[in-house]
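Asks: Below is entry27.tsv; it holds TSV, C-alpha atoms and all ligand atoms.
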chain	number	residue	atom	x	y	z
A	1	MET	CA	41.99	-65.69	-28.45
A	2	LYS	CA	42.45	-63.83	-31.72
A	3	ALA	CA	42.68	-60.03	-31.64
A	4	LEU	CA	43.41	-57.23	-34.10
A	5	GLN	CA	46.25	-55.16	-32.71
A	6	TYR	CA	48.02	-51.98	-33.63
A	7	ARG	CA	51.56	-52.99	-32.64
A	8	THR	CA	54.09	-50.78	-34.42
A	9	ILE	CA	53.79	-47.03	-35.06
A	10	GLY	CA	53.03	-46.48	-38.75
A	11	ALA	CA	52.50	-50.18	-39.57
A	12	PRO	CA	49.11	-51.71	-40.43
A	13	PRO	CA	47.24	-53.56	-37.64
A	14	GLU	CA	47.85	-57.31	-37.29
A	15	VAL	CA	45.76	-60.33	-36.30
A	16	VAL	CA	47.54	-61.99	-33.36
A	17	THR	CA	46.82	-64.49	-30.61
A	18	VAL	CA	46.63	-63.09	-27.07
A	19	PRO	CA	45.66	-64.67	-23.72
A	20	ASP	CA	41.91	-64.97	-23.04
A	21	PRO	CA	40.93	-62.21	-20.60
A	22	GLU	CA	39.29	-63.11	-17.29
A	23	PRO	CA	36.90	-60.80	-15.46
A	24	GLY	CA	38.19	-59.40	-12.16
A	25	PRO	CA	35.92	-58.13	-9.40
A	26	GLY	CA	33.20	-55.88	-10.82
A	27	GLN	CA	34.07	-56.63	-14.46
A	28	VAL	CA	32.01	-58.27	-17.20
A	29	LEU	CA	33.44	-60.51	-19.92
A	30	LEU	CA	31.71	-60.26	-23.31
A	31	GLU	CA	31.96	-62.66	-26.20
A	32	VAL	CA	32.12	-60.08	-29.00
A	33	THR	CA	29.50	-60.55	-31.71
A	34	ALA	CA	30.36	-57.43	-33.78
A	35	ALA	CA	32.92	-54.60	-33.74
A	36	GLY	CA	32.78	-51.40	-35.82
A	37	VAL	CA	35.60	-49.81	-37.82
A	38	CYS	CA	35.91	-46.05	-37.23
A	39	HIS	CA	37.98	-43.49	-39.11
A	40	SER	CA	39.35	-42.31	-35.74
A	41	ASP	CA	41.40	-45.55	-35.61
A	42	ILE	CA	43.06	-44.51	-38.86
A	43	ALA	CA	43.84	-41.12	-37.30
A	44	VAL	CA	45.33	-42.88	-34.25
A	45	MET	CA	47.46	-45.11	-36.49
A	46	GLY	CA	48.73	-41.97	-38.25
A	47	TRP	CA	49.99	-40.26	-35.08
A	48	PRO	CA	53.79	-40.03	-34.63
A	49	ALA	CA	55.69	-42.03	-31.99
A	50	GLU	CA	56.51	-38.86	-30.09
A	51	GLY	CA	53.64	-38.10	-27.77
A	52	PHE	CA	51.65	-41.20	-28.79
A	53	PRO	CA	49.11	-41.39	-25.95
A	54	TYR	CA	48.46	-45.13	-25.67
A	55	GLU	CA	50.51	-48.18	-24.77
A	56	LEU	CA	51.26	-50.55	-27.67
A	57	PRO	CA	50.25	-53.17	-28.62
A	58	LEU	CA	46.68	-51.88	-28.62
A	59	THR	CA	43.71	-54.12	-29.47
A	60	LEU	CA	41.55	-51.90	-31.69
A	61	GLY	CA	37.78	-51.44	-31.68
A	62	HIS	CA	35.80	-48.79	-29.80
A	63	GLU	CA	32.43	-49.88	-31.19
A	64	GLY	CA	31.41	-53.21	-29.67
A	65	VAL	CA	28.44	-55.44	-29.01
A	66	GLY	CA	28.46	-58.90	-27.52
A	67	THR	CA	26.96	-61.56	-25.33
A	68	VAL	CA	27.74	-61.65	-21.61
A	69	ALA	CA	30.07	-64.66	-21.20
A	70	ALA	CA	31.16	-64.38	-17.54
A	71	LEU	CA	30.70	-62.11	-14.54
A	72	GLY	CA	33.42	-60.97	-12.14
A	73	ALA	CA	32.85	-61.15	-8.40
A	74	GLY	CA	30.05	-58.93	-7.16
A	75	VAL	CA	28.55	-58.03	-10.56
A	76	THR	CA	24.80	-57.58	-10.56
A	77	GLY	CA	22.32	-56.26	-13.11
A	78	VAL	CA	23.40	-58.39	-16.09
A	79	ARG	CA	23.24	-62.13	-16.68
A	80	GLU	CA	25.26	-64.59	-18.72
A	81	GLY	CA	23.80	-64.75	-22.23
A	82	ASP	CA	22.50	-61.15	-22.27
A	83	ALA	CA	23.02	-59.40	-25.64
A	84	VAL	CA	24.42	-55.93	-24.99
A	85	ALA	CA	26.01	-52.88	-26.61
A	86	VAL	CA	29.06	-51.27	-25.02
A	87	TYR	CA	28.95	-47.58	-24.11
A	88	GLY	CA	32.52	-46.64	-25.05
A	89	PRO	CA	33.58	-43.34	-23.43
A	90	TRP	CA	34.15	-44.67	-19.93
A	91	GLY	CA	34.53	-42.24	-17.06
A	92	CYS	CA	35.06	-42.45	-13.31
A	93	GLY	CA	31.34	-42.90	-12.67
A	94	THR	CA	31.23	-40.46	-9.78
A	95	CYS	CA	32.23	-36.92	-10.88
A	96	ALA	CA	29.59	-34.29	-11.72
A	97	LYS	CA	29.63	-35.05	-15.48
A	98	CYS	CA	29.50	-38.83	-14.93
A	99	ALA	CA	26.59	-38.28	-12.54
A	100	GLU	CA	24.73	-36.73	-15.49
A	101	GLY	CA	25.53	-39.80	-17.62
A	102	LYS	CA	28.06	-37.73	-19.59
A	103	GLU	CA	30.99	-40.06	-19.00
A	104	ASN	CA	32.34	-38.81	-22.36
A	105	TYR	CA	33.13	-35.58	-20.49
A	106	CYS	CA	34.35	-37.19	-17.25
A	107	LEU	CA	36.32	-34.65	-15.26
A	108	ARG	CA	38.71	-37.24	-13.82
A	109	ALA	CA	39.22	-39.85	-16.58
A	110	GLU	CA	42.52	-38.39	-17.72
A	111	ALA	CA	43.94	-38.06	-14.21
A	112	LEU	CA	42.83	-41.60	-13.34
A	113	GLY	CA	44.13	-43.08	-16.63
A	114	ILE	CA	40.66	-44.29	-17.67
A	115	HIS	CA	40.45	-44.97	-21.43
A	116	PRO	CA	37.73	-46.26	-23.75
A	117	PRO	CA	38.12	-49.81	-25.05
A	118	GLY	CA	40.12	-49.67	-28.30
A	119	LEU	CA	41.44	-46.19	-27.47
A	120	GLY	CA	43.91	-47.01	-24.72
A	121	ARG	CA	42.30	-50.14	-23.31
A	122	PRO	CA	41.99	-53.48	-25.15
A	123	GLY	CA	39.12	-53.03	-27.61
A	124	SER	CA	36.36	-55.00	-29.26
A	125	MET	CA	38.25	-56.41	-32.26
A	126	ALA	CA	38.87	-59.65	-30.45
A	127	GLU	CA	36.90	-62.75	-29.53
A	128	TYR	CA	36.39	-61.43	-25.99
A	129	LEU	CA	36.19	-57.96	-24.44
A	130	LEU	CA	36.57	-57.03	-20.77
A	131	VAL	CA	34.18	-54.31	-19.64
A	132	ASP	CA	35.07	-52.54	-16.39
A	133	ASP	CA	31.56	-52.07	-15.08
A	134	PRO	CA	28.07	-53.32	-16.00
A	135	ARG	CA	26.88	-49.68	-16.19
A	136	HIS	CA	28.74	-49.46	-19.54
A	137	LEU	CA	26.34	-52.02	-21.04
A	138	VAL	CA	23.02	-51.25	-22.74
A	139	PRO	CA	20.67	-54.14	-23.65
A	140	LEU	CA	20.27	-54.73	-27.39
A	141	ASP	CA	16.65	-55.77	-26.78
A	142	GLY	CA	16.22	-57.50	-30.12
A	143	LEU	CA	18.54	-55.38	-32.30
A	144	ASP	CA	20.79	-57.29	-34.67
A	145	PRO	CA	24.46	-57.04	-33.55
A	146	VAL	CA	25.78	-55.95	-36.97
A	147	ALA	CA	23.08	-53.31	-37.38
A	148	ALA	CA	23.51	-52.10	-33.79
A	149	VAL	CA	27.27	-51.93	-33.33
A	150	PRO	CA	27.91	-48.74	-35.40
A	151	LEU	CA	25.24	-46.98	-33.36
A	152	THR	CA	27.58	-46.97	-30.34
A	153	ASP	CA	29.75	-44.32	-32.05
A	154	ALA	CA	28.69	-43.62	-35.67
A	155	GLY	CA	25.15	-43.25	-34.30
A	156	LEU	CA	25.75	-41.82	-30.83
A	157	THR	CA	28.25	-39.12	-31.88
A	158	PRO	CA	26.04	-37.46	-34.52
A	159	TYR	CA	22.98	-37.95	-32.29
A	160	HIS	CA	24.63	-35.93	-29.52
A	161	ALA	CA	25.64	-33.15	-31.95
A	162	ILE	CA	22.20	-33.04	-33.61
A	163	LYS	CA	20.25	-33.06	-30.36
A	164	ARG	CA	21.97	-29.85	-29.29
A	165	ALA	CA	21.03	-28.15	-32.59
A	166	LEU	CA	17.39	-29.26	-32.68
A	167	PRO	CA	15.90	-25.96	-31.40
A	168	ALA	CA	17.41	-24.24	-34.48
A	169	LEU	CA	16.04	-26.85	-36.89
A	170	VAL	CA	12.53	-25.46	-37.24
A	171	PRO	CA	10.29	-25.96	-40.30
A	172	GLY	CA	11.88	-24.25	-43.28
A	173	SER	CA	15.41	-24.59	-41.87
A	174	THR	CA	18.39	-26.30	-43.47
A	175	ALA	CA	20.91	-28.74	-41.98
A	176	VAL	CA	24.20	-29.40	-43.77
A	177	VAL	CA	26.10	-32.67	-43.35
A	178	ILE	CA	29.71	-32.58	-44.56
A	179	GLY	CA	31.10	-36.09	-45.14
A	180	ALA	CA	28.50	-38.79	-45.78
A	181	GLY	CA	30.60	-41.68	-44.46
A	182	GLY	CA	30.10	-43.88	-41.39
A	183	LEU	CA	28.94	-41.04	-39.12
A	184	GLY	CA	27.51	-38.81	-41.83
A	185	HIS	CA	25.11	-41.31	-43.38
A	186	VAL	CA	23.65	-41.98	-39.92
A	187	ALA	CA	23.49	-38.21	-39.23
A	188	ILE	CA	21.31	-37.72	-42.32
A	189	GLN	CA	18.85	-40.34	-41.04
A	190	LEU	CA	18.84	-38.86	-37.53
A	191	LEU	CA	18.14	-35.39	-38.94
A	192	ARG	CA	15.25	-36.77	-40.98
A	193	ALA	CA	13.87	-38.64	-37.97
A	194	LEU	CA	14.21	-35.81	-35.45
A	195	SER	CA	13.65	-32.59	-37.40
A	196	PRO	CA	11.69	-31.06	-40.25
A	197	ALA	CA	14.88	-29.48	-41.66
A	198	ARG	CA	15.90	-29.80	-45.27
A	199	VAL	CA	19.09	-31.90	-45.30
A	200	VAL	CA	21.93	-31.04	-47.67
A	201	ALA	CA	24.83	-33.52	-47.81
A	202	LEU	CA	28.33	-32.79	-49.08
A	203	ASP	CA	31.01	-35.31	-49.98
A	204	VAL	CA	33.92	-35.67	-52.38
A	205	SER	CA	32.70	-39.05	-53.62
A	206	GLU	CA	29.73	-39.63	-55.95
A	207	ASP	CA	29.17	-43.05	-54.30
A	208	LYS	CA	28.80	-41.40	-50.90
A	209	LEU	CA	26.45	-38.76	-52.34
A	210	ARG	CA	24.32	-41.56	-53.80
A	211	LEU	CA	24.16	-43.24	-50.37
A	212	ALA	CA	23.30	-39.84	-48.84
A	213	ARG	CA	20.28	-39.53	-51.14
A	214	GLU	CA	19.26	-43.15	-50.48
A	215	VAL	CA	19.19	-42.54	-46.72
A	216	GLY	CA	17.22	-39.32	-46.98
A	217	ALA	CA	19.29	-36.28	-47.98
A	218	HIS	CA	17.07	-33.83	-49.90
A	219	GLU	CA	20.02	-32.34	-51.79
A	220	THR	CA	23.62	-33.39	-52.40
A	221	VAL	CA	26.53	-31.18	-53.37
A	222	LEU	CA	30.04	-32.17	-54.41
A	223	SER	CA	32.42	-30.89	-51.71
A	224	ASP	CA	34.83	-28.59	-53.54
A	225	ALA	CA	35.73	-24.91	-53.52
A	226	SER	CA	32.35	-23.97	-55.00
A	227	ALA	CA	30.31	-26.02	-52.50
A	228	ALA	CA	29.65	-23.17	-50.06
A	229	GLY	CA	28.25	-20.99	-52.86
A	230	ALA	CA	26.04	-23.86	-54.02
A	231	VAL	CA	24.63	-24.38	-50.51
A	232	ARG	CA	24.02	-20.62	-50.06
A	233	GLU	CA	22.12	-20.66	-53.35
A	234	LEU	CA	20.02	-23.65	-52.20
A	235	THR	CA	19.05	-21.66	-49.09
A	236	GLY	CA	18.13	-18.47	-50.91
A	237	GLY	CA	21.33	-16.84	-49.66
A	238	LEU	CA	20.52	-17.35	-45.97
A	239	GLY	CA	22.72	-20.34	-45.18
A	240	ALA	CA	22.12	-23.32	-42.90
A	241	GLN	CA	20.82	-23.18	-39.33
A	242	ALA	CA	22.99	-26.18	-38.41
A	243	VAL	CA	26.16	-27.55	-39.98
A	244	PHE	CA	27.74	-30.88	-39.02
A	245	ASP	CA	31.28	-31.39	-40.28
A	246	PHE	CA	32.23	-35.08	-40.18
A	247	VAL	CA	35.60	-34.41	-41.79
A	248	GLY	CA	36.96	-31.49	-39.77
A	249	ALA	CA	39.80	-30.72	-42.18
A	250	GLU	CA	40.86	-27.17	-43.08
A	251	PRO	CA	38.80	-26.96	-46.31
A	252	THR	CA	35.66	-28.46	-44.73
A	253	VAL	CA	35.66	-26.28	-41.60
A	254	ARG	CA	36.00	-23.30	-43.96
A	255	THR	CA	32.98	-24.55	-45.90
A	256	ALA	CA	31.12	-25.14	-42.62
A	257	GLY	CA	31.69	-21.53	-41.54
A	258	ALA	CA	30.83	-20.19	-44.98
A	259	VAL	CA	27.45	-21.96	-45.15
A	260	ALA	CA	26.31	-21.15	-41.58
A	261	ALA	CA	23.32	-18.82	-41.22
A	262	VAL	CA	23.09	-15.95	-38.72
A	263	GLU	CA	22.77	-17.57	-35.25
A	264	GLY	CA	23.66	-20.92	-36.85
A	265	GLU	CA	25.25	-23.88	-35.06
A	266	VAL	CA	28.45	-25.42	-36.40
A	267	ALA	CA	29.59	-28.76	-34.97
A	268	ILE	CA	33.09	-29.86	-35.96
A	269	VAL	CA	32.92	-33.60	-35.32
A	270	GLY	CA	35.68	-34.86	-37.64
A	271	ILE	CA	39.20	-34.78	-36.25
A	272	GLY	CA	40.86	-33.70	-39.49
A	273	GLY	CA	42.93	-30.96	-37.79
A	274	GLY	CA	41.02	-27.93	-39.13
A	275	ALA	CA	40.12	-24.92	-36.98
A	276	LEU	CA	37.47	-22.26	-37.52
A	277	PRO	CA	38.24	-18.79	-36.18
A	278	VAL	CA	35.41	-17.11	-34.26
A	279	GLY	CA	35.29	-13.32	-34.06
A	280	PHE	CA	33.80	-10.28	-35.74
A	281	GLY	CA	34.20	-10.49	-39.50
A	282	HIS	CA	35.01	-14.21	-39.49
A	283	LEU	CA	31.50	-15.65	-39.31
A	284	PRO	CA	27.90	-14.43	-39.62
A	285	PHE	CA	26.53	-12.85	-36.44
A	286	GLU	CA	26.22	-15.12	-33.42
A	287	VAL	CA	27.26	-18.38	-35.03
A	288	SER	CA	28.20	-20.99	-32.39
A	289	VAL	CA	31.09	-23.31	-33.14
A	290	HIS	CA	31.76	-26.41	-31.04
A	291	ALA	CA	33.73	-29.63	-31.22
A	292	PRO	CA	31.70	-32.34	-29.48
A	293	TYR	CA	33.07	-35.72	-28.38
A	294	TRP	CA	30.97	-38.91	-28.56
A	295	GLY	CA	27.76	-38.81	-26.42
A	296	SER	CA	26.16	-39.73	-23.10
A	297	ARG	CA	24.92	-43.11	-21.94
A	298	GLY	CA	21.34	-41.83	-21.97
A	299	GLU	CA	21.77	-40.72	-25.57
A	300	LEU	CA	23.01	-44.21	-26.53
A	301	ILE	CA	19.82	-45.66	-25.05
A	302	GLU	CA	17.84	-43.16	-27.17
A	303	VAL	CA	19.74	-43.99	-30.38
A	304	LEU	CA	19.13	-47.72	-29.89
A	305	ALA	CA	15.44	-46.97	-29.34
A	306	LEU	CA	15.33	-45.04	-32.63
A	307	ALA	CA	16.88	-48.02	-34.42
A	308	ARG	CA	14.32	-50.36	-32.84
A	309	ALA	CA	11.58	-48.04	-34.15
A	310	GLY	CA	13.08	-48.35	-37.65
A	311	ALA	CA	14.12	-44.68	-37.90
A	312	VAL	CA	17.82	-45.38	-38.55
A	313	SER	CA	19.43	-48.24	-40.36
A	314	VAL	CA	23.19	-48.35	-40.85
A	315	HIS	CA	24.60	-49.52	-44.16
A	316	THR	CA	27.20	-52.12	-43.26
A	317	GLU	CA	29.89	-54.16	-44.94
A	318	THR	CA	31.09	-57.14	-42.86
A	319	PHE	CA	34.54	-58.71	-42.53
A	320	SER	CA	35.95	-61.63	-40.54
A	321	LEU	CA	38.55	-60.83	-37.86
A	322	ASP	CA	41.22	-62.28	-40.18
A	323	ASP	CA	40.15	-59.77	-42.84
A	324	ALA	CA	39.98	-56.81	-40.44
A	325	PRO	CA	43.24	-55.28	-41.80
A	326	LEU	CA	41.52	-55.24	-45.22
A	327	ALA	CA	38.57	-53.34	-43.73
A	328	TYR	CA	40.97	-50.61	-42.55
A	329	GLU	CA	42.64	-50.53	-45.98
A	330	ARG	CA	39.26	-50.09	-47.64
A	331	LEU	CA	38.19	-47.38	-45.19
A	332	HIS	CA	41.50	-45.57	-45.71
A	333	ALA	CA	40.94	-45.70	-49.48
A	334	GLY	CA	37.42	-44.26	-49.10
A	335	ALA	CA	35.96	-47.51	-50.45
A	336	VAL	CA	33.60	-48.34	-47.54
A	337	ASN	CA	30.03	-47.18	-48.18
A	338	GLY	CA	28.45	-46.84	-44.73
A	339	ARG	CA	30.25	-48.64	-41.88
A	340	ALA	CA	32.60	-51.65	-41.92
A	341	VAL	CA	31.83	-54.20	-39.20
A	342	ILE	CA	34.13	-57.00	-38.00
A	343	LEU	CA	32.65	-60.34	-36.95
A	344	PRO	CA	35.19	-61.86	-34.52
A	401	LIG	P1	34.43	-42.17	-42.90
A	401	LIG	O1	35.73	-42.38	-43.59
A	401	LIG	O2	33.47	-43.30	-42.84
A	401	LIG	O3	33.65	-40.92	-43.55
A	401	LIG	C1	34.28	-39.75	-43.92
A	401	LIG	C2	33.55	-39.21	-45.16
A	401	LIG	O4	34.06	-37.91	-45.45
A	401	LIG	C3	33.76	-40.06	-46.41
A	401	LIG	O5	32.51	-40.32	-47.01
A	401	LIG	C4	34.64	-39.19	-47.30
A	401	LIG	O6	34.40	-39.40	-48.68
A	401	LIG	C5	34.21	-37.81	-46.87
A	401	LIG	N1	35.16	-36.73	-47.14
A	401	LIG	C6	36.51	-36.77	-47.14
A	401	LIG	N2	37.01	-35.55	-47.45
A	401	LIG	C7	35.95	-34.74	-47.66
A	401	LIG	C8	35.80	-33.36	-48.01
A	401	LIG	N3	36.86	-32.58	-48.23
A	401	LIG	N4	34.54	-32.87	-48.11
A	401	LIG	C9	33.45	-33.64	-47.89
A	401	LIG	N5	33.53	-34.95	-47.57
A	401	LIG	C10	34.77	-35.49	-47.46
A	401	LIG	O7	34.78	-41.66	-41.42
A	401	LIG	P2	33.90	-41.76	-40.07
A	401	LIG	O8	34.27	-43.02	-39.35
A	401	LIG	O9	32.51	-41.44	-40.40
A	401	LIG	O10	34.52	-40.56	-39.21
A	401	LIG	C11	34.33	-39.22	-39.62
A	401	LIG	C12	35.20	-38.29	-38.79
A	401	LIG	O11	34.67	-38.18	-37.47
A	401	LIG	C13	36.64	-38.76	-38.62
A	401	LIG	O12	37.49	-37.62	-38.57
A	401	LIG	C14	36.61	-39.42	-37.26
A	401	LIG	O13	37.89	-39.49	-36.67
A	401	LIG	C15	35.70	-38.47	-36.54
A	401	LIG	N6	35.02	-38.97	-35.33
A	401	LIG	C16	34.87	-38.07	-34.32
A	401	LIG	C17	34.17	-38.43	-33.20
A	401	LIG	C18	33.96	-37.43	-32.09
A	401	LIG	O14	33.53	-37.83	-31.01
A	401	LIG	N7	34.20	-36.15	-32.31
A	401	LIG	C19	33.63	-39.72	-33.08
A	401	LIG	C20	33.79	-40.61	-34.15
A	401	LIG	C21	34.48	-40.22	-35.29
A	402	ZN	ZN	35.01	-43.62	-33.46
A	403	ZN	ZN	33.77	-38.88	-14.06
Hey, can you dump this file as structure tokens for me?
Ligand code: NAD
Ligand code: ZN
Ligand code: ZN
Replies:
Amino acid sequence: MKALQYRTIGAPPEVVTVPDPEPGPGQVLLEVTAAGVCHSDIAVMGWPAEGFPYELPLTLGHEGVGTVAALGAGVTGVREGDAVAVYGPWGCGTCAKCAEGKENYCLRAEALGIHPPGLGRPGSMAEYLLVDDPRHLVPLDGLDPVAAVPLTDAGLTPYHAIKRALPALVPGSTAVVIGAGGLGHVAIQLLRALSPARVVALDVSEDKLRLAREVGAHETVLSDASAAGAVRELTGGLGAQAVFDFVGAEPTVRTAGAVAAVEGEVAIVGIGGGALPVGFGHLPFEVSVHAPYWGSRGELIEVLALARAGAVSVHTETFSLDDAPLAYERLHAGAVNGRAVILP
């Protein structure tokens, strides 16, 4: 089968032919119908050889949906032909966090060498994807594969961060979204669907700010050195009750801290290497800062339900598997509005 692989440190990913996978006991084979392109893959492909955490070649793609093509011995609960989304942050399935459905925070994944597809294990940018256990599959129940696939990460990750902040997002409150890209443009819609907060979106690109307004941002602000002042002004000097940074670079985490209100929540979701110091004099009183990772299986079920209800709709740009390297080039250049999706 064809697959998009990251093969050489620092080089672009390549379309190659690899053996068709076969499901072992307990595994499910999916024929992939859509795979999403995440900025995290670009981060991975920028890491140096020293300390690189995954084996190469690596088939990319940690957002995947597909049709069940074959079942390994003993698999129950899914049938050939079922249309499903893949819950990506696999865990051991048995530790205390996995028991809560929070496999993204599995206590044993690292020790057991368990990796998400596309981030250590062969991913979804291929004609077929092996899934280790049917519990990682959520029925699409009528959702279109292209529309649904970004929800497995670009939807689930902001959903998890926003859900935690909801008690602070009362009427009259403000939520700030920094970076209106793949994750950010879904975050704006989730905030509008789940809270009465006024949503202020920041980005460096006018195209992204236009998309932010289209999907529901009340206000947009160009993300530069004066952005924090502009947001403070929009909030009558009080700041935002919740801030979601989908860039996570030094300048954006600074902005995130500078726009937080007293007792505000700051989620640093982007992996841009920035850090926000917490301590007296650094931030307004009692601001909470956290760096969440992906979301739980239950939350993925909730995000898909929101999409079925029409509350979120991802802006997508589709590419064939042969053109997948171009999708990464475009994302790297900031030219993708919404989410790029590969159709293997
Ligand atoms: P993306 O490229 O689609 O979107 C990033 C957006 O940020 C773009 O619109 C870009 O114009 C904007 N931007 C860049 N610099 C900016 C700045 N200084 N101020 C404001 N906006 C700026 O990327 P994505 O796929 O949405 O991913 C966003 C980030 O989240 C990445 O760092 C990715 O690795 C990370 N991520 C984290 C998790 C997690 O679990 N924590 C999950 C998925 C993605
Ligand atoms: Zn991702
Ligand atoms: Zn576990």
Asks: Using atom CA of Thr152 of chain A and atom CA of Pro251 of chain A as the two end points, give the distance in Å to one decimal.
Replies: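 Going from atom CA of Thr152 of chain A over to atom CA of Pro251 of chain A covers 28.0 Å.
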Asks: Considering only C-alpha atoms and all ligand atoms, tabulate each residue of chain A that lies at most 8 Å from ligand LIG 401 (chain A) along with its nearest interatomic pair and the corresponding distance in Å to one decimal; arrange the rows by chain and ascending residue number and present them as a tab-separated table.
Replies:
residue	atom	partner	partner_atom	distance
A:Val37	CA	A:LIG401	O8	7.1
A:Cys38	CA	A:LIG401	O8	4.0
A:His39	CA	A:LIG401	O8	3.7
A:Ser40	CA	A:LIG401	O13	3.3
A:Asp41	CA	A:LIG401	O13	7.1
A:Ile42	CA	A:LIG401	O13	7.5
A:Ala43	CA	A:LIG401	O13	6.2
A:Asp153	CA	A:LIG401	C20	5.9
A:Ala154	CA	A:LIG401	C20	6.1
A:Thr157	CA	A:LIG401	O14	5.5
A:Ile178	CA	A:LIG401	C9	5.1
A:Gly179	CA	A:LIG401	O4	3.5
A:Ala180	CA	A:LIG401	O5	4.5
A:Gly181	CA	A:LIG401	O3	3.3
A:Gly182	CA	A:LIG401	O9	3.6
A:Leu183	CA	A:LIG401	O9	3.8
A:Gly184	CA	A:LIG401	O9	5.8
A:His185	CA	A:LIG401	O9	8.0
A:Leu202	CA	A:LIG401	C9	5.3
A:Asp203	CA	A:LIG401	N5	3.5
A:Val204	CA	A:LIG401	N5	4.9
A:Ser205	CA	A:LIG401	O6	5.2
A:Lys208	CA	A:LIG401	O5	5.5
A:Leu222	CA	A:LIG401	C9	7.5
A:Ser223	CA	A:LIG401	N4	4.6
A:Asp224	CA	A:LIG401	N4	6.9
A:Phe246	CA	A:LIG401	C12	4.6
A:Val247	CA	A:LIG401	C12	4.9
A:Gly248	CA	A:LIG401	O12	6.3
A:Ala249	CA	A:LIG401	N3	7.0
A:Pro251	CA	A:LIG401	N3	6.2
A:Thr252	CA	A:LIG401	N3	5.5
A:Ile268	CA	A:LIG401	N7	7.4
A:Val269	CA	A:LIG401	N7	4.1
A:Gly270	CA	A:LIG401	O12	3.4
A:Ile271	CA	A:LIG401	O12	4.0
A:Gly272	CA	A:LIG401	O12	5.3
A:Ala291	CA	A:LIG401	N7	6.6
A:Pro292	CA	A:LIG401	N7	5.4
A:Tyr293	CA	A:LIG401	O14	3.4
A:Trp294	CA	A:LIG401	O14	3.7
A:Gly295	CA	A:LIG401	O14	7.4
A:Leu331	CA	A:LIG401	O1	5.8
A:His332	CA	A:LIG401	O1	6.9
A:Gly334	CA	A:LIG401	O6	5.7
A:Val336	CA	A:LIG401	O2	6.9
A:Asn337	CA	A:LIG401	O5	7.4
A:Gly338	CA	A:LIG401	O2	6.4
A:Arg339	CA	A:LIG401	O2	6.3
Asks: Suppose we keep C-alpha atoms; can you now write the selection as a compact mmCIF listing (two decimals), in the frame of the given file?
Replies:
# COMPACT_ATOMS: atom_id res chain seq x y z
CA VAL A 37 35.60 -49.81 -37.82
CA CYS A 38 35.91 -46.05 -37.23
CA HIS A 39 37.98 -43.49 -39.11
CA SER A 40 39.35 -42.31 -35.74
CA ASP A 41 41.40 -45.55 -35.61
CA ILE A 42 43.06 -44.51 -38.86
CA ALA A 43 43.84 -41.12 -37.30
CA ASP A 153 29.75 -44.32 -32.05
CA ALA A 154 28.69 -43.62 -35.67
CA THR A 157 28.25 -39.12 -31.88
CA ILE A 178 29.71 -32.58 -44.56
CA GLY A 179 31.10 -36.09 -45.14
CA ALA A 180 28.50 -38.79 -45.78
CA GLY A 181 30.60 -41.68 -44.46
CA GLY A 182 30.10 -43.88 -41.39
CA LEU A 183 28.94 -41.04 -39.12
CA GLY A 184 27.51 -38.81 -41.83
CA HIS A 185 25.11 -41.31 -43.38
CA LEU A 202 28.33 -32.79 -49.08
CA ASP A 203 31.01 -35.31 -49.98
CA VAL A 204 33.92 -35.67 -52.38
CA SER A 205 32.70 -39.05 -53.62
CA LYS A 208 28.80 -41.40 -50.90
CA LEU A 222 30.04 -32.17 -54.41
CA SER A 223 32.42 -30.89 -51.71
CA ASP A 224 34.83 -28.59 -53.54
CA PHE A 246 32.23 -35.08 -40.18
CA VAL A 247 35.60 -34.41 -41.79
CA GLY A 248 36.96 -31.49 -39.77
CA ALA A 249 39.80 -30.72 -42.18
CA PRO A 251 38.80 -26.96 -46.31
CA THR A 252 35.66 -28.46 -44.73
CA ILE A 268 33.09 -29.86 -35.96
CA VAL A 269 32.92 -33.60 -35.32
CA GLY A 270 35.68 -34.86 -37.64
CA ILE A 271 39.20 -34.78 -36.25
CA GLY A 272 40.86 -33.70 -39.49
CA ALA A 291 33.73 -29.63 -31.22
CA PRO A 292 31.70 -32.34 -29.48
CA TYR A 293 33.07 -35.72 -28.38
CA TRP A 294 30.97 -38.91 -28.56
CA GLY A 295 27.76 -38.81 -26.42
CA LEU A 331 38.19 -47.38 -45.19
CA HIS A 332 41.50 -45.57 -45.71
CA GLY A 334 37.42 -44.26 -49.10
CA VAL A 336 33.60 -48.34 -47.54
CA ASN A 337 30.03 -47.18 -48.18
CA GLY A 338 28.45 -46.84 -44.73
CA ARG A 339 30.25 -48.64 -41.88
Asks: Considering all atoms listed in the file, can you say which of A:Asp323, A:Glu103, A:Asp141, A:Glu233 comes closest to ligand ZN 403 (chain A)?
Replies: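 Looking only at the distances to ligand ZN 403 (chain A), the closest residue turns out to be A:Glu103.
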Asks: Work out how far atom CA of His62 of chain A is from atom CA of Leu209 of chain A, in Å to one decimal.
Replies: 26.4 Å
Asks: As a list in words, please: every protein or nucleic acid residue near ligand ZN 403 (chain A) (cut-off 12 Å, counting all atoms listed in the file).
Replies: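 Those residues are Pro89, Trp90, Gly91, Cys92, Gly93, Thr94, Cys95, Ala96, Lys97, Cys98, Ala99, Glu100, Gly101, Lys102, Glu103, Asn104, Tyr105, Cys106, Leu107, Arg108, Ala109, Glu110, Ala111, Leu112, Gly113, Ile114, His115 and Ser296 of chain A.
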Asks: Which distance in Å separates atom CA of Val303 of chain A and atom CA of Ile162 of chain A, to one decimal?
Replies: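 The value is 11.7 Å.
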Asks: Which residue is closest to ligand ZN 402 (chain A)? Choose from A:Gly36, A:Ala197, A:Val177, A:Pro19 and count only C-alpha atoms and all ligand atoms.
Replies: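 Closest residue, counting only C-alpha atoms and all ligand atoms: A:Gly36.
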